[in-house]
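**Student:** File data_7.txt follows (compact mmCIF, C-alpha atoms):
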# COMPACT_ATOMS: atom_id res chain seq x y z
CA MET A 453 22.02 38.20 14.61
CA ASP A 454 25.07 37.97 16.86
CA THR A 455 27.49 40.86 16.45
CA ALA A 456 31.15 40.25 15.72
CA VAL A 457 33.37 39.95 18.76
CA VAL A 458 36.83 41.58 18.72
CA ARG A 459 39.59 42.09 21.23
CA GLN A 460 39.61 45.17 23.36
CA ASP A 461 42.78 46.32 21.63
CA GLY A 462 41.19 45.80 18.18
CA ARG A 463 43.38 42.88 17.12
CA PRO A 464 41.65 40.03 15.23
CA PHE A 465 41.27 36.60 16.82
CA ASN A 466 43.17 33.59 15.55
CA ASP A 467 41.45 30.53 14.06
CA ASP A 468 41.24 28.60 17.37
CA GLU A 469 39.68 31.55 19.18
CA GLU A 470 37.17 32.15 16.39
CA SER A 471 36.21 28.44 16.40
CA ALA A 472 35.72 28.50 20.17
CA ILE A 473 33.53 31.62 20.00
CA ALA A 474 31.49 30.12 17.12
CA TYR A 475 31.01 26.93 19.13
CA VAL A 476 29.78 28.89 22.15
CA ARG A 477 27.36 30.87 19.99
CA GLU A 478 26.00 27.60 18.55
CA LEU A 479 25.55 26.21 22.07
CA GLN A 480 23.69 29.34 23.10
CA ARG A 481 21.38 29.16 20.05
CA ASP A 482 20.63 25.50 20.75
CA GLY A 483 20.04 26.24 24.42
CA ARG A 484 17.61 29.08 23.67
CA LEU A 485 15.77 26.90 21.18
CA LEU A 486 15.51 24.04 23.68
CA LEU A 487 14.39 26.46 26.39
CA ARG A 488 11.54 27.75 24.22
CA HIS A 489 10.53 24.19 23.35
CA VAL A 490 10.54 22.95 26.95
CA ALA A 491 8.73 26.06 28.22
CA ARG A 492 5.87 25.40 25.79
CA ARG A 493 5.44 21.78 26.82
CA SER A 494 2.94 21.17 29.58
CA ASP A 495 4.60 17.86 30.50
CA ARG A 496 8.03 19.42 31.13
CA VAL A 497 9.05 21.22 34.36
CA LEU A 498 12.17 23.39 34.26
CA GLY A 499 12.50 23.71 38.02
CA THR A 500 13.13 20.00 38.48
CA ALA A 501 15.71 19.69 35.72
CA PRO A 502 19.15 18.77 37.13
CA GLY A 503 21.79 21.20 35.89
CA ILE A 504 19.48 24.24 36.04
CA ALA A 505 19.74 25.17 39.69
CA GLY A 506 18.97 28.83 39.23
CA ILE A 507 19.08 31.87 37.03
CA THR A 508 22.85 31.69 36.73
CA GLU A 509 22.80 28.72 34.35
CA LEU A 510 20.02 30.21 32.20
CA ALA A 511 21.88 33.52 32.07
CA MET A 512 24.70 31.77 30.19
CA LEU A 513 22.36 31.43 27.20
CA THR A 514 22.54 35.19 26.57
CA ALA A 515 25.97 36.03 28.03
CA ASP A 516 28.87 37.41 26.03
CA PRO A 517 30.48 34.49 24.11
CA LEU A 518 33.97 35.95 24.68
CA GLU A 519 33.51 35.94 28.44
CA ILE A 520 32.34 32.32 28.36
CA VAL A 521 35.35 31.30 26.29
CA ARG A 522 37.71 32.98 28.77
CA ASP A 523 35.96 31.65 31.90
CA ARG A 524 35.98 27.88 32.27
CA ALA A 525 33.34 27.94 35.01
CA LYS A 526 30.91 29.85 32.79
CA PHE A 527 31.54 27.43 29.93
CA ALA A 528 30.84 24.51 32.25
CA ALA A 529 27.61 26.18 33.41
CA LEU A 530 26.54 26.74 29.78
CA SER A 531 27.27 23.11 28.87
CA ALA A 532 25.38 21.83 31.93
CA CYS A 533 22.40 24.06 31.12
CA VAL A 534 22.21 22.89 27.47
CA ASP A 535 22.64 19.28 28.54
CA ALA A 536 19.83 19.57 31.09
CA LEU A 537 17.54 21.19 28.55
CA SER A 538 18.36 18.43 26.05
CA ARG A 539 17.32 15.78 28.57
CA GLN A 540 14.10 17.65 29.25
CA ALA A 541 13.31 17.91 25.51
CA ALA A 542 14.06 14.23 24.75
CA PRO A 543 13.35 12.45 22.46
CA ALA A 544 13.64 15.69 20.49
CA ASN A 545 16.89 17.61 20.20
CA ALA A 546 17.90 21.02 18.93
CA SER A 547 18.41 19.81 15.36
CA THR A 548 15.07 17.99 15.08
CA ILE A 549 13.16 20.82 16.78
CA ARG A 550 14.67 23.37 14.42
CA LEU A 551 13.87 21.21 11.37
CA THR A 552 10.32 20.41 12.53
CA ARG A 553 9.47 24.03 13.21
CA ALA A 554 10.82 25.02 9.80
CA TYR A 555 8.79 22.25 8.15
CA LEU A 556 5.63 23.41 9.91
CA ARG A 557 6.48 27.00 9.00
CA SER A 558 6.27 28.16 12.57
CA THR A 559 7.03 31.78 13.41
CA PRO A 560 10.86 32.21 13.24
CA GLU A 561 12.60 33.28 16.43
CA GLY A 562 16.14 34.51 16.89
CA GLY A 563 17.06 34.50 13.20
CA GLU A 564 16.07 30.85 12.71
CA PRO A 565 15.87 28.80 10.61
CA SER A 566 19.14 29.17 8.77
CA ALA A 567 19.62 28.83 5.02
CA GLU A 568 20.96 25.29 5.47
CA VAL A 569 17.88 24.22 7.43
CA LYS A 570 15.61 25.81 4.82
CA ALA A 571 17.31 23.80 2.07
CA ARG A 572 16.79 20.57 4.02
CA VAL A 573 13.17 21.45 4.64
CA MET A 574 12.61 22.07 0.93
CA TRP A 575 13.88 18.55 0.20
CA LEU A 576 11.66 17.01 2.87
CA ARG A 577 8.63 18.97 1.75
CA PHE A 578 9.22 17.93 -1.88
CA VAL A 579 9.40 14.24 -0.92
CA ILE A 580 6.38 14.31 1.39
CA LEU A 581 4.15 16.34 -0.94
CA GLY A 582 5.13 14.13 -3.86
CA LEU A 583 4.32 11.05 -1.80
CA ILE A 584 0.94 12.46 -0.77
CA GLY A 585 0.11 13.22 -4.39
CA LEU A 586 1.01 9.68 -5.46
CA VAL A 587 -1.01 8.22 -2.59
CA VAL A 588 -4.13 10.16 -3.60
CA PHE A 589 -3.66 9.12 -7.22
CA PHE A 590 -3.14 5.43 -6.48
CA VAL A 591 -5.97 5.32 -3.94
CA VAL A 592 -8.35 6.56 -6.64
CA ILE A 593 -6.91 4.03 -9.10
CA ALA A 594 -7.19 1.20 -6.56
CA ILE A 595 -10.82 2.02 -5.73
CA SER A 596 -11.67 2.22 -9.44
CA LEU A 597 -9.99 -1.10 -10.19
CA LEU A 598 -11.64 -2.81 -7.21
CA ALA A 599 -15.04 -1.56 -8.35
CA HIS A 600 -14.25 -2.66 -11.93
CA VAL A 601 -13.22 -6.14 -10.78
CA ASP A 602 -16.33 -6.47 -8.62
CA SER A 603 -18.51 -5.44 -11.55
CA GLY A 604 -16.87 -8.05 -13.80
CA ARG A 605 -17.27 -10.79 -11.21
CA ARG A 606 -20.92 -9.95 -10.73
CA ALA A 607 -21.49 -9.99 -14.49
CA VAL A 608 -19.87 -13.43 -14.80
CA GLU A 609 -21.89 -14.72 -11.84
CA GLN A 610 -25.13 -13.36 -13.30
CA LEU A 611 -24.30 -14.93 -16.67
CA GLN A 612 -23.78 -18.32 -15.04
CA ASN A 613 -27.05 -17.96 -13.10
CA THR A 614 -29.08 -17.07 -16.20
CA ARG A 615 -27.56 -19.98 -18.13
CA SER A 616 -28.42 -22.36 -15.30
CA GLU A 617 -31.96 -20.98 -15.22
CA ILE A 618 -32.37 -21.44 -18.98
CA ARG A 619 -31.10 -25.02 -18.83
CA SER A 620 -33.46 -25.79 -15.96
CA ILE A 621 -36.49 -24.41 -17.80
CA GLU A 622 -35.55 -26.22 -21.00
CA GLY A 623 -35.30 -29.43 -19.01
CA GLU A 624 -38.82 -28.89 -17.66
CA LEU A 625 -40.11 -28.22 -21.18
CA ALA A 626 -38.51 -31.41 -22.48
CA LYS A 627 -40.42 -33.44 -19.87
CA LEU A 628 -43.84 -32.27 -21.13
CA PRO A 629 -45.88 -34.75 -23.20
CA GLN A 630 -46.57 -34.24 -26.89
CA THR A 631 -50.23 -33.36 -26.09
CA ALA A 632 -49.00 -30.06 -24.60
CA TRP A 633 -48.05 -28.72 -28.04
CA ILE A 634 -49.66 -27.93 -31.36
CA ALA A 635 -47.63 -28.29 -34.55
CA PRO A 636 -46.54 -24.89 -35.94
CA GLN A 637 -48.18 -23.55 -39.10
CA VAL A 638 -44.87 -22.10 -40.34
CA PRO A 639 -42.02 -24.55 -40.82
CA PRO A 640 -39.00 -23.68 -38.71
CA ARG A 641 -36.13 -22.00 -40.54
CA GLU A 642 -32.74 -23.63 -40.59
CA GLY A 643 -30.57 -22.80 -37.58
CA ALA A 644 -33.44 -21.18 -35.68
CA TYR A 645 -32.89 -20.74 -31.97
CA ARG A 646 -35.16 -22.48 -29.44
CA GLN A 647 -37.86 -23.96 -31.67
CA MET A 648 -39.76 -25.41 -28.71
CA CYS A 649 -41.65 -22.21 -27.79
CA PRO A 650 -43.38 -19.79 -30.18
CA GLN A 651 -41.03 -17.40 -31.99
CA GLU A 652 -41.61 -13.91 -33.34
CA ASP A 653 -41.46 -15.13 -36.93
CA GLY A 654 -44.27 -17.64 -36.31
CA THR A 655 -42.07 -20.68 -35.95
CA GLY A 656 -41.87 -22.94 -32.93
CA LEU A 657 -44.39 -25.11 -31.12
CA VAL A 658 -47.63 -23.62 -29.82
CA PRO A 659 -49.00 -24.63 -26.39
CA ALA A 660 -52.24 -26.63 -26.61
CA ASP A 661 -55.50 -25.62 -24.94
CA ASN A 662 -55.32 -28.08 -22.07
CA LEU A 663 -53.70 -28.50 -18.67
CA GLU A 664 -50.35 -29.56 -20.14
CA GLY A 665 -50.56 -26.65 -22.59
CA ALA A 666 -51.06 -24.17 -19.74
CA ARG A 667 -47.95 -25.56 -18.07
CA ALA A 668 -46.04 -25.25 -21.36
CA ASP A 669 -47.23 -21.66 -21.81
CA ALA A 670 -46.04 -20.71 -18.30
CA LEU A 671 -42.66 -22.34 -18.89
CA CYS A 672 -42.31 -20.55 -22.23
CA ASN A 673 -42.96 -17.21 -20.54
CA GLU A 674 -40.33 -17.99 -17.90
CA LEU A 675 -37.91 -19.04 -20.64
CA GLY A 676 -38.47 -15.78 -22.50
CA GLN A 677 -37.72 -13.75 -19.38
CA ALA A 678 -34.62 -15.82 -18.66
CA VAL A 679 -33.37 -15.37 -22.24
CA LEU A 680 -33.97 -11.62 -21.96
CA ARG A 681 -31.98 -11.43 -18.74
CA ASN A 682 -29.22 -13.47 -20.35
CA ARG A 683 -29.00 -11.04 -23.26
CA LEU A 684 -28.86 -8.06 -20.91
CA VAL A 685 -26.05 -9.68 -18.91
CA VAL A 686 -24.17 -10.44 -22.13
CA MET A 687 -24.50 -6.77 -23.11
CA ARG A 688 -23.11 -5.75 -19.72
CA LEU A 689 -20.26 -8.24 -20.05
CA THR A 690 -19.47 -6.94 -23.53
CA ARG A 691 -19.23 -3.36 -22.24
CA TRP A 692 -17.01 -4.52 -19.37
CA ASN A 693 -14.65 -6.31 -21.75
CA ARG A 694 -14.43 -3.37 -24.11
CA LEU A 695 -13.74 -1.03 -21.20
CA SER A 696 -11.01 -3.34 -19.90
CA CYS A 697 -9.14 -3.22 -23.18
CA GLY A 698 -8.35 0.42 -22.41
CA LEU A 699 -6.35 -0.58 -19.34
CA PRO A 700 -2.64 -0.77 -20.19
CA LEU A 701 -0.76 -4.07 -19.88
CA LEU A 702 -4.00 -5.97 -19.29
CA ASP A 703 -5.66 -6.59 -22.63
CA PRO A 704 -4.17 -5.14 -25.83
CA CYS A 705 -7.50 -5.61 -27.66
CA VAL A 706 -5.75 -6.96 -30.73
CA ALA A 707 -8.23 -8.39 -33.20
CA PRO A 708 -7.63 -11.96 -34.43
CA GLU A 709 -5.55 -12.22 -37.54
CA GLY A 710 -7.55 -12.48 -40.76
CA ASP A 711 -11.27 -12.05 -41.28
CA GLU A 712 -12.34 -15.34 -39.74
CA LYS A 713 -15.98 -15.37 -38.72
CA MET A 714 -18.38 -17.71 -36.99
CA TYR A 715 -22.13 -17.59 -37.68
CA GLY A 716 -21.45 -14.48 -39.74
CA VAL A 717 -19.95 -12.59 -36.75
CA PRO A 718 -16.22 -11.73 -36.35
CA LEU A 719 -14.40 -13.70 -33.68
CA GLN A 720 -13.54 -10.51 -31.78
CA GLN A 721 -17.22 -9.90 -31.10
CA HIS A 722 -17.61 -13.47 -29.86
CA LEU A 723 -14.65 -12.91 -27.55
CA ASP A 724 -16.22 -9.72 -26.17
CA ARG A 725 -19.42 -11.59 -25.35
CA THR A 726 -17.82 -14.41 -23.33
CA GLU A 727 -16.58 -14.61 -19.77
CA MET A 728 -13.22 -16.05 -20.87
CA ARG A 729 -11.83 -12.60 -21.54
CA THR A 730 -13.33 -11.26 -18.31
CA ALA A 731 -11.72 -14.02 -16.25
CA ALA A 732 -8.32 -13.35 -17.82
CA VAL A 733 -8.43 -9.63 -17.07
CA ILE A 734 -9.71 -10.18 -13.51
CA SER A 735 -6.92 -12.69 -12.88
CA THR A 736 -4.28 -10.18 -13.99
CA LEU A 737 -5.80 -7.38 -11.94
CA THR A 738 -6.23 -9.31 -8.70
CA GLY A 739 -3.01 -11.30 -9.04
CA PHE A 740 -0.48 -8.62 -9.95
CA VAL A 741 -1.76 -5.07 -10.53
CA LEU A 742 -3.82 -4.59 -7.38
CA PRO A 743 -1.24 -6.20 -5.02
CA LEU A 744 1.40 -3.86 -6.48
CA ILE A 745 -0.77 -0.80 -5.88
CA MET A 746 -1.96 -1.92 -2.45
CA GLY A 747 1.62 -2.62 -1.39
CA PHE A 748 2.51 0.95 -2.32
CA ILE A 749 -0.49 2.31 -0.41
CA GLY A 750 0.39 0.22 2.66
CA GLY A 751 3.98 1.47 2.66
CA ALA A 752 2.85 5.05 2.16
CA ALA A 753 0.32 4.73 4.99
CA TYR A 754 3.10 3.64 7.36
CA VAL A 755 5.35 6.51 6.22
CA LEU A 756 2.63 9.13 6.69
CA ARG A 757 1.71 7.73 10.11
CA ARG A 758 5.36 7.83 11.15
CA LEU A 759 5.69 11.37 9.82
CA ASP A 760 2.67 12.47 11.86
CA HIS A 761 4.23 10.98 14.99
CA LYS A 762 7.55 12.72 14.34
CA LEU A 763 5.87 16.07 13.76
CA SER A 764 3.95 15.75 17.02
CA GLU A 765 7.15 14.84 18.91
CA ASN A 766 9.35 17.39 17.09
CA THR A 767 11.75 14.65 16.02
CA LEU A 768 11.75 15.20 12.23
CA GLU A 769 15.10 14.45 10.57
CA VAL A 770 16.50 14.88 7.07
CA ARG A 771 16.98 11.15 6.65
CA ASP A 772 13.22 10.69 7.01
CA GLY A 773 12.89 11.74 3.38
CA TRP A 774 15.15 8.96 2.11
CA HIS A 775 13.59 6.55 4.60
CA ALA A 776 10.15 7.31 3.15
CA VAL A 777 11.33 6.70 -0.42
CA LEU A 778 13.05 3.40 0.38
CA ARG A 779 10.17 2.22 2.56
CA VAL A 780 7.61 2.79 -0.19
CA LEU A 781 9.83 1.12 -2.81
CA LEU A 782 10.29 -1.98 -0.64
CA ALA A 783 6.56 -2.13 0.14
CA THR A 784 5.67 -1.85 -3.56
CA MET A 785 8.16 -4.56 -4.51
CA LEU A 786 6.92 -7.02 -1.87
CA GLY A 787 3.29 -6.27 -2.68
CA GLY A 788 3.88 -7.00 -6.36
CA LEU A 789 5.77 -10.22 -5.60
CA LEU A 790 2.94 -11.41 -3.37
CA GLY A 791 1.00 -12.44 -6.48
CA VAL A 792 3.86 -14.79 -7.38
CA VAL A 793 3.78 -16.49 -3.98
CA TRP A 794 -0.02 -16.77 -3.80
CA SER A 795 -1.67 -17.32 -7.16
CA GLY A 796 -5.33 -17.80 -7.90
CA ASP A 797 -8.43 -16.39 -6.24
CA ALA A 798 -8.04 -18.40 -3.01
CA PRO A 799 -7.89 -16.18 0.11
CA VAL A 800 -4.58 -15.74 1.90
CA GLN A 801 -4.46 -17.10 5.46
CA LEU A 802 -2.56 -14.72 7.77
CA GLY A 803 -2.74 -15.17 11.53
CA GLY A 804 -6.02 -17.07 11.33
CA PHE A 805 -7.68 -14.43 9.11
CA ALA A 806 -8.67 -15.01 5.50
CA LEU A 807 -7.67 -12.01 3.37
CA THR A 808 -7.84 -11.27 -0.32
CA LEU A 809 -4.54 -10.90 -2.14
CA ALA A 810 -4.94 -7.11 -2.35
CA ALA A 811 -5.66 -6.81 1.38
CA ALA A 812 -2.68 -9.03 2.21
CA ALA A 813 -0.46 -6.83 0.02
CA PHE A 814 -1.59 -3.76 1.98
CA PHE A 815 -0.69 -5.38 5.30
CA VAL A 816 2.64 -6.58 3.92
CA GLY A 817 3.47 -3.06 2.78
CA PHE A 818 2.46 -1.60 6.13
CA ALA A 819 4.34 -4.14 8.29
CA LEU A 820 7.61 -4.66 6.45
CA GLU A 821 9.57 -5.43 9.61
CA ALA A 822 7.34 -8.37 10.47
CA VAL A 823 7.58 -9.69 6.91
CA PHE A 824 11.37 -9.48 6.83
CA THR A 825 11.54 -11.15 10.24
CA VAL A 826 9.53 -14.09 8.92
CA VAL A 827 11.59 -14.27 5.71
CA GLU A 828 14.87 -14.20 7.63
CA ALA A 829 13.64 -16.94 9.95
CA MET A 830 12.67 -19.08 6.94
CA VAL A 831 16.04 -18.50 5.26
CA GLU A 832 17.92 -19.33 8.45
CA GLY A 833 15.87 -22.50 8.85
CA VAL A 834 16.60 -23.64 5.30
CA ALA A 835 20.27 -22.67 5.54
CA GLY A 836 20.62 -24.57 8.80
CA ARG A 837 19.37 -27.75 7.17
CA LEU A 838 21.71 -27.35 4.22
CA ARG A 839 24.79 -26.97 6.39
CA ASP A 840 26.90 -30.10 6.81
CA PRO A 841 26.37 -31.74 10.20
CA PRO A 842 29.45 -31.65 12.43
CA SER A 843 31.56 -34.75 12.13
CA ALA A 844 31.43 -37.11 15.12
CA PRO A 845 34.66 -37.33 17.14
CA VAL A 846 36.75 -40.42 16.45
CA PRO A 847 36.87 -42.62 19.60
CA LEU A 848 40.32 -43.33 20.97
CA SER A 849 41.42 -46.94 20.82
CA VAL A 850 41.86 -48.51 24.24
CA PRO A 851 44.51 -51.24 24.51
CA PRO A 852 43.23 -54.57 25.79
CA PRO A 853 43.97 -55.39 29.42
CA ALA A 854 47.05 -57.51 30.14
CA ALA A 855 46.45 -61.16 30.78
CA GLN A 856 46.42 -62.21 34.41
CA GLY A 857 49.36 -64.39 35.38
If you took the structure in this file and wrote it as structure tokens, what would it be?
**Tutor:**
Amino acid sequence: MDTAVVRQDGRPFNDDEESAIAYVRELQRDGRLLLRHVARRSDRVLGTAPGIAGITELAMLTADPLEIVRDRAKFAALSACVDALSRQAAPANASTIRLTRAYLRSTPEGGEPSAEVKARVMWLRFVILGLIGLVVFFVVIAISLLAHVDSGRRAVEQLQNTRSEIRSIEGELAKLPQTAWIAPQVPPREGAYRQMCPQEDGTGLVPADNLEGARADALCNELGQAVLRNRLVVMRLTRWNRLSCGLPLLDPCVAPEGDEKMYGVPLQQHLDRTEMRTAAVISTLTGFVLPLIMGFIGGAAYVLRRLDHKLSENTLEVRDGWHAVLRVLLATMLGGLLGVVWSGDAPVQLGGFALTLAAAAFFVGFALEAVFTVVEAMVEGVAGRLRDPPSAPVPLSVPPPAAQG
């Protein structure tokens, strides 16, 4: 700590003298900090810095502040030395170096950092750590939702494939002649499912012992396997739908009013077994929820990348905390609104590349400047067309020439 400076006769200084001495002390602290920073950089050379011609200028960083205040030449040498060190440390300066070192918890030197710098660092550390925690949380949520959506799409695709396979096999069975079958010994029960092939209860047609019957028996076996696969896919789809109802704002899982049933089964169970509910949930996830989350992740990725660059260059500032908050909020807002601009499952075309809506939201959140540039150009183009065209100047009337005599 700097000791108090008093007059030789013991009288206290007035306010102007105290302000001048405090200013010189602050210049010396900044100069020493810049000197340490430049000395540790391998790409900086002190000997070539204009304004630091010799040891005299550097000696002003530790000289008596009172002597510098009284001697204008010494004050000029101190100012030139600090200015030269500032140019050597650019783009960093004393304030950003002091804040960056405090943020990184570097070993304090010369009584630094001060209480004011520590308070600013606490705010920055709170914002950055909170942002990192949110990023980790939303990355896990995004990966889980992407995997959930992919599982639902695969289940719907498998259900469509099994249904197509069943219809194809049934069409082949319908083409077989009557000689391929033997009448069943047990009459079919009312409402029985697929009476063409043998059933477990003894109903259904039985393949005959001939060439057509062998073909019918093979098709019946294929149909049984296809029906089994269809039931397994329906079970998977039912579990997917019931799991999706636990996701907030997607599917409230409210049972239909009343006790209406169909084929003796409540309507809610029928809804769980169909792809209609799956398609609705997937549409909400891919159209609004995932773009919102991916926009946040894109904005946070840009903020963390910028923070890493500033820490490496020792250019961290207090306003970077507010900049990070506003940047992430804007990225989240634009990512969520992207689902309004592009609806449906069609890929988004950006710069010749086809991207999903979630991927486009990530790039929008990461490159906000480019997005706002495009939006401003579009607005200016529309506004230019809406402006009234300038009125044409009214031509001056020219009198007719006088008649020749």
**Student:** When you look at Asn662 in chain A with a cut-off of 10 Å (counting only C-alpha atoms), what residues show up, excluding the ones that are within fewer than 4 positions of it in the same chain? I need them as an NGL selection string.
**Tutor:** :A and (631-633 or 666-668)
**Student:** Tell me, as a VMD selection string, which residues lie within 10 Å of Lys526 in chain A, counting only C-alpha atoms; anything in the same chain fewer than 4 positions away does not count.
**Tutor:** chain A and resid 508 to 509 511 to 512 515 517 519 to 522 530 to 532
**Student:** As an exercise, work out the distance from CA of Val685 in chain A to CA of Leu611 in chain A in Å and give it to one decimal place.
**Tutor:**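 The value is 6.0 Å.
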**Student:** At a cut-off of 12 Å, using all atoms listed in the file, what residues contact Trp774 in chain A? Leave out same-chain residues fewer than 4 positions from it and give the result as a PyMOL selection string.
**Tutor:** chain A and resi 572+575-580+583+755+769-770+778-781
**Student:** Interatomic distance between CA of Met746 in chain A and CA of Phe814 in chain A?
**Tutor:**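 About the pair CA of Met746 in chain A and CA of Phe814 in chain A: they are 4.8 Å apart.
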**Student:** Which of these, A:Asn545, A:Arg481, A:Thr614, A:Pro629, has the shortest distance to Ser566 in chain A once you count all atoms listed in the file?
**Tutor:**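 Among the listed residues, the smallest separation from Ser566 in chain A belongs to A:Arg481.
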**Student:** Which of these, A:Ala542, A:Cys697, A:Leu742, A:Leu689, has the shortest distance to Arg493 in chain A once you count all atoms listed in the file?
**Tutor:**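 Ranked by minimum distance to Arg493 in chain A, first place goes to A:Ala542.
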